[in-house]
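> My structure is in upload26.cif, and what it holds is mmCIF, C-alpha atoms and all ligand atoms:
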data_input
#
loop_
_atom_site.label_atom_id
_atom_site.label_comp_id
_atom_site.auth_asym_id
_atom_site.auth_seq_id
_atom_site.Cartn_x
_atom_site.Cartn_y
_atom_site.Cartn_z
CA MET A 1 91.89 94.90 128.79
CA GLN A 2 90.15 97.11 126.22
CA ILE A 3 91.65 97.41 122.73
CA GLU A 4 92.58 101.09 123.29
CA THR A 5 94.93 99.91 126.06
CA THR A 6 96.16 96.75 124.32
CA ALA A 7 97.05 98.69 121.16
CA VAL A 8 99.40 100.88 123.19
CA GLN A 9 100.56 98.53 125.96
CA ALA A 10 100.92 95.12 124.26
CA LEU A 11 104.71 95.63 124.16
CA ARG A 12 106.19 96.98 127.38
CA GLU A 13 109.75 95.77 127.98
CA HIS A 14 112.48 97.13 125.73
CA GLU A 15 116.29 97.39 125.99
CA HIS A 16 117.59 100.41 127.96
CA GLY A 17 114.08 101.16 129.25
CA ALA A 18 113.09 102.58 125.85
CA VAL A 19 109.32 103.12 125.62
CA VAL A 20 109.22 102.11 121.96
CA PRO A 21 110.71 98.91 120.49
CA PRO A 22 114.05 98.92 118.63
CA ILE A 23 114.22 98.19 114.89
CA HIS A 24 116.36 95.12 114.20
CA LEU A 25 117.54 95.29 110.60
CA ALA A 26 119.77 92.18 110.63
CA SER A 27 119.06 89.78 107.78
CA THR A 28 121.02 87.02 109.55
CA PHE A 29 121.81 86.12 113.17
CA ARG A 30 124.68 84.37 115.01
CA LEU A 31 123.80 80.76 115.81
CA ASN A 32 125.13 78.36 118.45
CA PRO A 33 127.82 76.30 116.64
CA ALA A 34 126.99 73.20 118.67
CA THR A 35 123.25 73.20 118.03
CA GLU A 36 123.17 75.49 114.95
CA ASP A 37 120.14 77.28 116.32
CA GLY A 38 119.24 80.47 118.15
CA PRO A 39 116.16 82.58 118.82
CA PHE A 40 116.40 84.04 115.30
CA ALA A 41 118.30 82.71 112.29
CA TYR A 42 117.32 84.57 109.10
CA GLN A 43 115.00 87.55 108.58
CA ARG A 44 112.51 85.88 106.24
CA GLY A 45 111.70 83.11 108.74
CA ALA A 46 111.41 85.47 111.72
CA ASN A 47 112.99 88.66 113.02
CA PRO A 48 112.65 90.43 116.35
CA THR A 49 110.83 93.52 115.06
CA ARG A 50 108.29 91.57 113.01
CA ALA A 51 107.85 89.21 115.96
CA GLN A 52 106.99 92.20 118.15
CA LEU A 53 104.44 93.42 115.62
CA GLU A 54 102.98 89.90 115.40
CA THR A 55 102.57 89.93 119.19
CA VAL A 56 100.61 93.19 118.88
CA LEU A 57 98.50 91.85 115.99
CA ALA A 58 97.53 88.74 117.97
CA ALA A 59 96.88 90.80 121.12
CA ILE A 60 94.50 93.31 119.50
CA GLU A 61 92.61 90.47 117.77
CA GLY A 62 92.51 88.38 120.96
CA ALA A 63 94.10 85.60 118.86
CA ARG A 64 96.75 82.98 119.64
CA HIS A 65 98.79 83.69 116.50
CA GLY A 66 99.47 86.75 114.33
CA PHE A 67 101.44 87.02 111.07
CA ALA A 68 102.59 90.11 109.19
CA PHE A 69 102.88 90.11 105.40
CA ALA A 70 104.16 92.59 102.84
CA SER A 71 100.62 93.40 101.64
CA GLY A 72 97.00 92.50 102.25
CA MET A 73 97.12 90.41 99.08
CA ALA A 74 100.13 88.43 100.37
CA ALA A 75 98.09 87.70 103.52
CA THR A 76 95.01 86.71 101.47
CA ALA A 77 97.18 84.56 99.17
CA ALA A 78 98.62 82.77 102.23
CA ALA A 79 95.10 82.04 103.52
CA LEU A 80 93.87 80.83 100.10
CA GLY A 81 97.14 78.87 99.81
CA LEU A 82 95.77 76.49 102.45
CA LEU A 83 93.72 74.99 99.59
CA SER A 84 95.14 72.26 97.39
CA HIS A 85 94.39 70.45 94.13
CA GLY A 86 90.70 69.45 93.87
CA ASP A 87 89.51 71.85 96.59
CA GLU A 88 86.82 74.50 96.17
CA VAL A 89 86.36 77.85 97.91
CA ILE A 90 83.02 79.68 98.05
CA LEU A 91 83.19 83.48 97.95
CA SER A 92 80.84 86.39 97.52
CA ALA A 93 80.77 87.92 94.05
CA THR A 94 81.51 91.31 95.65
CA VAL A 95 84.77 90.20 97.25
CA TYR A 96 87.71 92.67 96.97
CA GLY A 97 88.91 92.90 93.34
CA GLY A 98 92.42 91.62 94.14
CA THR A 99 90.98 88.57 95.88
CA PHE A 100 88.72 88.00 92.86
CA ARG A 101 91.78 88.23 90.56
CA PHE A 102 93.74 85.71 92.68
CA VAL A 103 90.87 83.22 92.78
CA ASP A 104 89.97 83.75 89.11
CA GLN A 105 93.47 83.75 87.61
CA VAL A 106 95.88 82.01 90.04
CA LEU A 107 93.93 79.30 91.86
CA PRO A 108 92.77 77.45 88.69
CA GLY A 109 96.44 76.79 87.83
CA ARG A 110 96.72 75.00 91.16
CA GLY A 111 93.61 72.91 90.49
CA VAL A 112 91.56 74.92 93.02
CA THR A 113 88.09 76.15 92.03
CA GLY A 114 86.55 79.41 93.22
CA ARG A 115 82.74 79.52 93.27
CA PHE A 116 81.36 83.05 93.42
CA VAL A 117 77.82 83.41 94.77
CA PRO A 118 75.70 86.57 94.53
CA ASP A 119 74.80 86.59 98.24
CA LEU A 120 76.49 84.52 100.96
CA GLY A 121 73.38 85.14 103.07
CA ASP A 122 71.56 82.68 100.79
CA LEU A 123 74.12 79.90 101.34
CA THR A 124 72.53 76.58 102.38
CA GLU A 125 73.62 72.99 103.04
CA GLU A 126 73.04 72.17 99.34
CA ASP A 127 75.76 74.62 98.27
CA PHE A 128 78.47 72.48 99.91
CA THR A 129 80.09 69.62 98.02
CA PRO A 130 82.77 67.24 99.32
CA ALA A 131 85.30 69.52 97.56
CA THR A 132 84.23 72.66 99.47
CA ARG A 133 87.14 73.28 101.86
CA MET A 134 86.74 77.01 102.53
CA VAL A 135 84.25 79.88 102.67
CA PHE A 136 85.80 83.33 102.26
CA VAL A 137 83.70 86.21 103.62
CA GLU A 138 83.85 90.02 103.65
CA THR A 139 81.29 91.73 105.85
CA PRO A 140 80.38 94.53 105.36
CA ALA A 141 80.86 93.87 101.65
CA ASN A 142 82.63 96.43 99.50
CA PRO A 143 81.19 98.81 98.26
CA THR A 144 77.55 97.83 98.86
CA LEU A 145 78.08 97.36 102.64
CA ARG A 146 75.78 94.32 102.58
CA ILE A 147 76.07 92.17 105.72
CA THR A 148 76.77 88.44 106.09
CA ASP A 149 75.90 86.55 109.29
CA LEU A 150 79.31 85.23 110.40
CA ARG A 151 77.98 82.87 113.10
CA ARG A 152 75.63 81.25 110.59
CA ILE A 153 78.34 80.85 107.92
CA ALA A 154 80.77 79.39 110.49
CA GLU A 155 78.24 76.81 111.71
CA LEU A 156 77.28 75.84 108.16
CA ALA A 157 80.89 75.61 106.93
CA HIS A 158 82.12 73.67 109.97
CA ARG A 159 79.34 71.10 109.55
CA HIS A 160 80.95 70.40 106.16
CA GLY A 161 84.54 70.51 107.40
CA ALA A 162 85.29 73.77 105.57
CA LEU A 163 87.47 76.58 106.91
CA VAL A 164 86.02 80.08 107.32
CA VAL A 165 88.24 83.01 106.37
CA VAL A 166 87.03 86.55 107.05
CA ASP A 167 88.58 89.59 105.39
CA ASN A 168 88.07 92.07 108.25
CA THR A 169 89.78 95.05 106.59
CA PHE A 170 86.68 97.29 106.77
CA MET A 171 85.99 96.63 110.46
CA THR A 172 89.37 95.85 112.11
CA PRO A 173 89.39 94.17 115.54
CA VAL A 174 88.21 97.49 116.99
CA LEU A 175 84.71 96.86 115.57
CA GLN A 176 84.46 93.14 114.78
CA ARG A 177 86.21 89.96 116.06
CA PRO A 178 85.48 87.17 113.57
CA LEU A 179 87.45 84.50 115.47
CA ALA A 180 85.09 84.91 118.43
CA LEU A 181 82.15 84.47 116.01
CA GLY A 182 83.49 81.15 114.72
CA ALA A 183 85.91 82.07 111.91
CA ASP A 184 89.15 80.08 111.59
CA LEU A 185 91.30 82.82 110.08
CA VAL A 186 91.09 86.59 109.80
CA VAL A 187 92.94 88.43 107.04
CA GLN A 188 93.30 92.18 106.79
CA SER A 189 94.88 94.70 104.52
CA ALA A 190 96.80 96.61 107.18
CA THR A 191 97.42 99.17 104.44
CA LYS A 192 94.00 100.56 105.38
CA TYR A 193 92.94 101.36 108.99
CA LEU A 194 95.74 99.56 110.84
CA ALA A 195 98.45 101.67 109.18
CA GLY A 196 96.00 104.53 108.66
CA HIS A 197 98.15 107.14 106.92
CA SER A 198 98.10 106.01 103.26
CA ASP A 199 101.87 105.45 103.34
CA LEU A 200 102.41 101.77 104.15
CA LEU A 201 101.49 98.48 102.43
CA ALA A 202 101.01 95.53 104.80
CA GLY A 203 98.83 92.50 105.46
CA VAL A 204 97.81 90.46 108.48
CA VAL A 205 96.66 86.91 109.21
CA THR A 206 95.42 85.94 112.69
CA THR A 207 94.17 82.56 113.90
CA ASP A 208 93.59 80.56 117.08
CA ARG A 209 94.35 77.24 115.36
CA ASP A 210 97.85 75.85 115.78
CA ASP A 211 97.64 73.74 112.59
CA VAL A 212 96.60 76.77 110.54
CA ALA A 213 99.32 78.88 112.19
CA GLU A 214 101.93 76.33 111.18
CA ALA A 215 100.78 76.47 107.56
CA ILE A 216 100.75 80.29 107.53
CA ALA A 217 104.28 80.41 109.04
CA LEU A 218 105.36 78.07 106.24
CA ALA A 219 103.80 80.45 103.68
CA GLN A 220 105.86 83.32 105.17
CA LYS A 221 109.06 81.32 104.96
CA ALA A 222 108.46 79.48 101.69
CA LEU A 223 106.88 82.30 99.66
CA GLY A 224 108.78 85.12 101.36
CA GLY A 225 106.14 87.88 101.20
CA VAL A 226 106.95 89.12 104.72
CA LEU A 227 106.85 92.63 106.16
CA SER A 228 110.23 94.39 106.54
CA PRO A 229 111.56 95.38 110.00
CA ILE A 230 111.13 99.11 109.30
CA ASP A 231 107.53 98.71 108.14
CA SER A 232 106.89 96.35 111.07
CA TYR A 233 108.05 99.09 113.45
CA ARG A 234 105.94 101.71 111.67
CA LEU A 235 102.86 99.49 111.89
CA ILE A 236 103.45 98.91 115.64
CA GLN A 237 103.40 102.69 116.10
CA ASP A 238 100.40 103.25 113.79
CA ILE A 239 98.29 100.65 115.60
CA LYS A 240 98.61 102.64 118.85
CA THR A 241 96.25 105.28 117.43
CA LEU A 242 93.96 102.88 115.50
CA PRO A 243 91.05 102.98 117.98
CA LEU A 244 91.24 106.79 118.22
CA ARG A 245 91.43 107.32 114.47
CA LEU A 246 88.71 104.83 113.62
CA GLY A 247 86.44 106.25 116.33
CA ARG A 248 86.72 109.71 114.81
CA GLN A 249 86.36 108.40 111.23
CA GLN A 250 83.25 106.46 112.22
CA ALA A 251 81.64 109.43 113.99
CA ASN A 252 82.28 111.56 110.88
CA THR A 253 80.78 108.82 108.68
CA VAL A 254 77.59 108.55 110.74
CA ALA A 255 77.11 112.34 110.48
CA ILE A 256 77.83 112.37 106.73
CA ALA A 257 75.49 109.44 105.99
CA GLU A 258 72.66 111.13 107.89
CA HIS A 259 73.29 114.40 106.07
CA LEU A 260 73.39 112.74 102.63
CA ARG A 261 70.15 110.84 103.37
CA GLY A 262 68.39 114.17 103.85
CA HIS A 263 69.90 115.77 100.72
CA ASP A 264 67.73 116.03 97.60
CA ALA A 265 70.75 115.77 95.26
CA VAL A 266 71.46 112.26 96.62
CA ALA A 267 69.31 109.32 95.47
CA ARG A 268 70.56 106.44 97.65
CA VAL A 269 72.88 106.07 100.64
CA LEU A 270 74.37 102.68 101.62
CA THR A 271 75.70 101.92 105.11
CA PRO A 272 76.07 98.61 106.99
CA GLY A 273 72.54 97.40 107.75
CA SER A 274 70.82 99.85 105.36
CA HIS A 275 69.79 96.97 103.05
CA ASP A 276 67.09 95.68 105.42
CA ASP A 277 66.23 95.18 109.10
CA VAL A 278 67.55 91.60 109.10
CA GLU A 279 71.03 92.71 107.99
CA ALA A 280 70.90 95.63 110.45
CA ALA A 281 70.19 93.22 113.33
CA VAL A 282 72.93 90.82 112.21
CA HIS A 283 75.49 93.62 111.94
CA ASP A 284 74.54 94.94 115.39
CA SER A 285 74.96 91.44 116.83
CA GLN A 286 78.43 90.87 115.38
CA ALA A 287 80.03 94.32 115.18
CA SER A 288 80.16 97.29 117.51
CA GLY A 289 79.81 100.02 114.88
CA PRO A 290 79.24 100.80 111.19
CA GLY A 291 82.85 101.69 110.34
CA ALA A 292 83.95 104.57 108.17
CA VAL A 293 82.82 103.90 104.60
CA VAL A 294 79.61 105.23 103.05
CA SER A 295 78.49 104.59 99.47
CA PHE A 296 75.95 106.75 97.65
CA GLU A 297 74.37 107.57 94.31
CA LEU A 298 73.63 111.05 93.11
CA ALA A 299 70.08 111.99 92.04
CA GLU A 300 69.04 112.19 88.35
CA GLY A 301 70.52 115.24 86.71
CA VAL A 302 73.38 115.67 89.17
CA ASP A 303 76.64 115.24 87.25
CA ASP A 304 79.04 112.98 89.14
CA VAL A 305 82.17 114.18 87.32
CA ALA A 306 81.28 117.79 88.18
CA PHE A 307 80.65 116.69 91.78
CA LEU A 308 83.99 114.88 92.04
CA ARG A 309 85.86 117.82 90.45
CA ALA A 310 84.24 120.30 92.83
CA LEU A 311 85.25 118.42 96.00
CA THR A 312 88.20 120.07 97.72
CA ILE A 313 88.70 117.70 100.69
CA PRO A 314 88.22 114.04 99.65
CA ALA A 315 90.83 113.00 97.08
CA PHE A 316 89.59 111.01 94.07
CA ALA A 317 91.61 107.84 94.69
CA VAL A 318 91.21 104.15 95.46
CA SER A 319 91.90 102.74 98.95
CA LEU A 320 90.48 103.63 102.35
CA GLY A 321 91.37 103.77 106.00
CA GLY A 322 93.79 106.70 105.93
CA VAL A 323 93.40 109.87 107.98
CA GLU A 324 92.52 111.72 104.78
CA SER A 325 89.13 111.22 103.10
CA LEU A 326 89.13 109.45 99.73
CA ILE A 327 86.35 108.97 97.20
CA CYS A 328 86.18 106.58 94.25
CA ARG A 329 83.83 105.12 91.64
CA PRO A 330 83.90 101.34 92.38
CA ALA A 331 82.36 100.16 89.07
CA THR A 332 85.30 101.44 87.02
CA MET A 333 88.03 101.48 89.68
CA THR A 334 88.00 98.83 92.44
CA HIS A 335 85.53 96.44 90.78
CA GLU A 336 86.39 96.80 87.07
CA ALA A 337 87.50 93.12 86.99
CA MET A 338 83.86 92.02 87.44
CA THR A 339 81.61 91.68 84.37
CA PRO A 340 78.91 94.39 84.01
CA GLU A 341 76.29 91.64 84.63
CA ASP A 342 77.98 90.55 87.88
CA ARG A 343 78.28 94.15 89.01
CA ALA A 344 74.60 94.76 88.26
CA GLY A 345 73.67 91.59 90.17
CA ALA A 346 75.70 92.77 93.14
CA GLY A 347 74.13 96.24 93.11
CA ILE A 348 77.32 98.04 92.05
CA THR A 349 75.86 100.57 89.62
CA ASP A 350 78.05 102.78 87.42
CA SER A 351 76.95 105.83 89.39
CA LEU A 352 77.73 104.44 92.86
CA LEU A 353 80.41 106.44 94.69
CA ARG A 354 82.35 105.15 97.72
CA LEU A 355 83.51 107.67 100.31
CA ALA A 356 86.17 106.48 102.77
CA VAL A 357 85.95 109.07 105.50
CA GLY A 358 89.04 110.51 107.21
CA ILE A 359 89.62 112.34 110.48
CA GLU A 360 88.99 115.88 109.17
CA HIS A 361 86.32 117.89 111.01
CA GLU A 362 82.81 116.67 110.14
CA ASP A 363 81.56 120.25 109.55
CA ASP A 364 84.26 120.84 106.93
CA LEU A 365 83.54 117.52 105.21
CA ILE A 366 79.78 118.15 105.11
CA ALA A 367 80.26 121.72 103.86
CA ASP A 368 82.58 120.44 101.11
CA LEU A 369 80.10 117.74 100.04
CA ASP A 370 77.25 120.31 100.03
CA ALA A 371 79.22 122.80 97.94
CA ALA A 372 80.18 120.07 95.43
CA LEU A 373 76.56 118.82 95.20
CA ALA A 374 75.40 122.39 94.54
CA ALA A 375 78.06 122.81 91.84
CA ALA A 376 77.04 119.53 90.17
CA ARG A 377 73.35 120.31 89.68
C1 LIG B 401 88.93 94.43 101.65
C2 LIG B 401 90.34 94.37 101.13
N1 LIG B 401 91.04 93.24 101.25
C3 LIG B 401 92.29 93.14 100.79
C4 LIG B 401 92.91 94.20 100.14
C5 LIG B 401 94.31 94.02 99.61
O1 LIG B 401 95.23 94.70 100.41
P1 LIG B 401 96.60 95.31 99.87
O2 LIG B 401 96.26 96.41 98.93
O3 LIG B 401 97.26 95.77 101.15
O4 LIG B 401 97.37 94.21 99.21
C6 LIG B 401 92.23 95.40 100.00
C7 LIG B 401 92.87 96.54 99.32
O5 LIG B 401 92.24 97.44 98.83
C8 LIG B 401 90.90 95.49 100.50
O6 LIG B 401 90.18 96.63 100.37
#
Here is the file; what I need is its structure written in the form of C-alpha cells.


Amino acid sequence: MQIETTAVQALREHEHGAVVPPIHLASTFRLNPATEDGPFAYQRGANPTRAQLETVLAAIEGARHGFAFASGMAATAAALGLLSHGDEVILSATVYGGTFRFVDQVLPGRGVTGRFVPDLGDLTEEDFTPATRMVFVETPANPTLRITDLRRIAELAHRHGALVVVDNTFMTPVLQRPLALGADLVVQSATKYLAGHSDLLAGVVTTDRDDVAEAIALAQKALGGVLSPIDSYRLIQDIKTLPLRLGRQQANTVAIAEHLRGHDAVARVLTPGSHDDVEAAVHDSQASGPGAVVSFELAEGVDDVAFLRALTIPAFAVSLGGVESLICRPATMTHEAMTPEDRAGAGITDSLLRLAVGIEHEDDLIADLDAALAAAR
C-alpha cells in the first residue's frame, strides 16, 4: 500500500461504525480483580487513543513499533536515553539546537559524552572508540541542507556495535525511510509536517527492534513525557493529509528555489544536494524528494531586515512544516546555542535565511518574495 492510502486507512474499525476513532480520555481503567490486569491500566503506560496513533505511526513508517511523545525533544531524549554512563554518541555539529542543548547540558551529568563532528560524511573507522554506542544523524541537515549517506553510516556504526538514530523531521516517511536504509531508530518532531498546522507539539520514535522498543516504552512510562489522548486524536487526523500537504509544499519549494537561483538580489541558494554532485546522488538514492525547506543568502547591498519586514506572506518565526510559510534567521534563532566558530565551520552565516514553505499558491509566494527583494535593495 502507498503511504497516501496508509495514512488514511491504517485505522478502519471503530465502535458504532464511526469512520474516525473515538477519543478515550480515561486516566485509569477497570482491571480484572483476579488477575489485576486488563488491556489498559493507566494512561501514562498506554491508552487506546495513543495506541491507535502509534499504530498509524508504525504503519506510515513501515516499522514494527511506533511511540508518541509530548514533543519532538521528549522523543529525542528517549532515544538518547538509551545511552548509559561511559557511552559516547557522535553527532553532526549542525544537529537541531534542542538536541545540541540536551547532549551538551544534560548527557554529561549522566556520564555520557557527545562528540560533535563538522561533517558526518567524513566519518571513518578511526572515529569509533569502544565507548561509541550511537551515531545520531539529521539528513538533510538544518539549515544548510547538507546530505549524509545513511547506508554508509549504518554499515560503519553497526561494524562497531553502535546504534544509528535518524532525526527524520525534515523528510518524514513520505520522502525518506531511514529504517529501510539501516537505521535502528527514527525520531521526528511531529510538531512539524506530521501535525502540519503549527498548533500541536508532539514527537515520534519508530523502530523495528524489539529490544529498543522495550526501552522506549519504558521511557514513556518511567519519564512520562507521553502525548495526551486529545493530541493523539488530532495527530491521527492531521497525518491523513500529510502526503498531500507535503507534496504541495515541496512543489512550491522547487519553484521558489529555481526562481531565487535566477534572481540577482540573491547570492546563494541551498537545497538538498546543492552542495555537490556526490551529495545530490546520495540524496536521490535515499529520499524521493527535496522536501520543503530552502535556505538562501541575499546579495551584497540587499538589506535582510528590510526584506523580512517587506514580506507579507511568510511569517518571521522559528519552526517549519505548517501549512503557512515561515522564515527565520538560523544563526541568531535556531542555532544561537552554537559558537560563532562552529556556525562558521558548518556554513551557517549570519545572513543565511531559512524559508519553510507552506501550501499557499506558488505564484503568490514568488510575487511576495520578489516584491520584498525589490523593497530591500
Ligand atoms: C529537526 C528537529 N528535530 C527535533 C525538534 C524538536 O521538536 P519539538 O519542538 O517538537 O520538541 C525540532 C524542532 O524544531 C527539529 O526541527

> Please provide as a list in words all residues within 9 Å of Ala337 (chain A), with the sequence filter that same-chain residues fewer than 3 positions apart are discarded (counting only C-alpha atoms).

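Once the nearby chain positions are removed, what remains is Gly97, Gly98, Phe100, Arg101, Ala331, Thr332, Met333 and Thr334 of chain A.
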
> List as a VMD selection string the protein and nucleic acid residues lying within 9 Å of ligand LIG 401 (chain B), with all atoms listed in the file counted.

chain A and resid 70 to 76 95 to 99 138 141 to 142 167 to 170 187 to 192 200 to 203 318 to 320 334

> Using only C-alpha atoms, which residue out of A:Ala375, A:Ile3, A:Leu235, A:Ala78 lies closest to Asp303 (chain A)?

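Using only C-alpha atoms, Asp303 (chain A) sits closest to A:Ala375.
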
> Determine, counting all atoms listed in the file, which protein, DNA and RNA residues have an atom within 9 Å of an atom of Leu80 (chain A); residues of the same chain fewer than 5 positions away are not included. Present the result as a compact mmCIF listing (two decimals) with C-alpha atoms, in the frame of the given file.


# COMPACT_ATOMS: atom_id res chain seq x y z
CA ALA A 75 98.09 87.70 103.52
CA VAL A 89 86.36 77.85 97.91
CA PHE A 102 93.74 85.71 92.68
CA VAL A 103 90.87 83.22 92.78
CA LEU A 107 93.93 79.30 91.86
CA MET A 134 86.74 77.01 102.53
CA PHE A 136 85.80 83.33 102.26
CA VAL A 165 88.24 83.01 106.37

> What is the CA of Leu181 (chain A)-CA of Leu150 (chain A) distance in Å, reported with one decimal?

6.3 Å

> Find the residues of region 79-158 of chain A that sit at most 12 Å from region 351-374 of chain A; for each, write down the nearest two atoms and how far apart they are in Å, to one decimal. Count all atoms listed in the file. Sort by chain, then by number going up, and give it as a Markdown table.


| residue | atom | partner | partner_atom | distance |
| --- | --- | --- | --- | --- |
| A:Asn142 | CA | A:Arg354 | CA | 8.9 |
| A:Pro143 | CA | A:Arg354 | CA | 6.5 |
| A:Thr144 | CA | A:Arg354 | CA | 8.8 |
| A:Leu145 | CA | A:Arg354 | CA | 10.2 |

> If we count all atoms listed in the file and set the cut-off at 8 Å, which residues sit around region 108-124 of chain A, ignoring sequence neighbours fewer than 4 positions away in its own chain? Please answer as a ChimeraX atom specification.

/A:83-94,103-104,128,137,147-149,153,156,345-346

> Can you tell me which residues surround Arg44 (chain A) at a distance of at most 12 Å, considering all atoms listed in the file, apart from same-chain residues fewer than 2 positions away, and format the answer as an MDAnalysis selection string?

chainID A and resid 25:29 40:42 46:51 68:70 217:229

> Give me the box for region 282-285 of chain A as JSON, namely the centre and edge lengths in Å to one decimal of a box along x, y and z that holds every listed atom plus 6 Å on each side.


{"center_x": 74.2, "center_y": 92.9, "center_z": 114.4, "size_x": 14.6, "size_y": 16.1, "size_z": 16.9}

> Rank A:Arg377, A:Val293, A:Leu179, A:Glu324 by their smallest atom-to-atom distance to Asp264 (chain A), using all atoms listed in the file, and report the top residue only.

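Among A:Arg377, A:Val293, A:Leu179, A:Glu324, it is A:Arg377 that comes nearest to Asp264 (chain A).
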
> Could you tell me how far CA of Arg268 (chain A) sits from CA of Gly322 (chain A), in Å to one decimal place?

24.7 Å

> So the first atom is CA of Arg209 (chain A) and the second is CA of Asp184 (chain A); what is the distance between them in Å, to one decimal place?

7.0 Å

> Would you mind listing what lies within 10 Å of region 238-248 of chain A as a PyMOL selection string, with all atoms listed in the file counted and same-chain residues fewer than 4 positions away left out?

chain A and resi 3-10+53+56-57+60+171-175+190+193-197+200+232-234+252-253+289+291-292+321-323+357-362

> Looking at A:Ser295, A:Gln250, A:Gln2, A:Gln237, which one is nearest to Gln52 (chain A), with distances taken over all atoms listed in the file?

A:Gln237

> Which is closest to Glu61 (chain A) among A:Ala280, A:Val204, A:Ala344, A:Cys328, if we use all atoms listed in the file?

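Smallest distance to Glu61 (chain A) is found for A:Val204.
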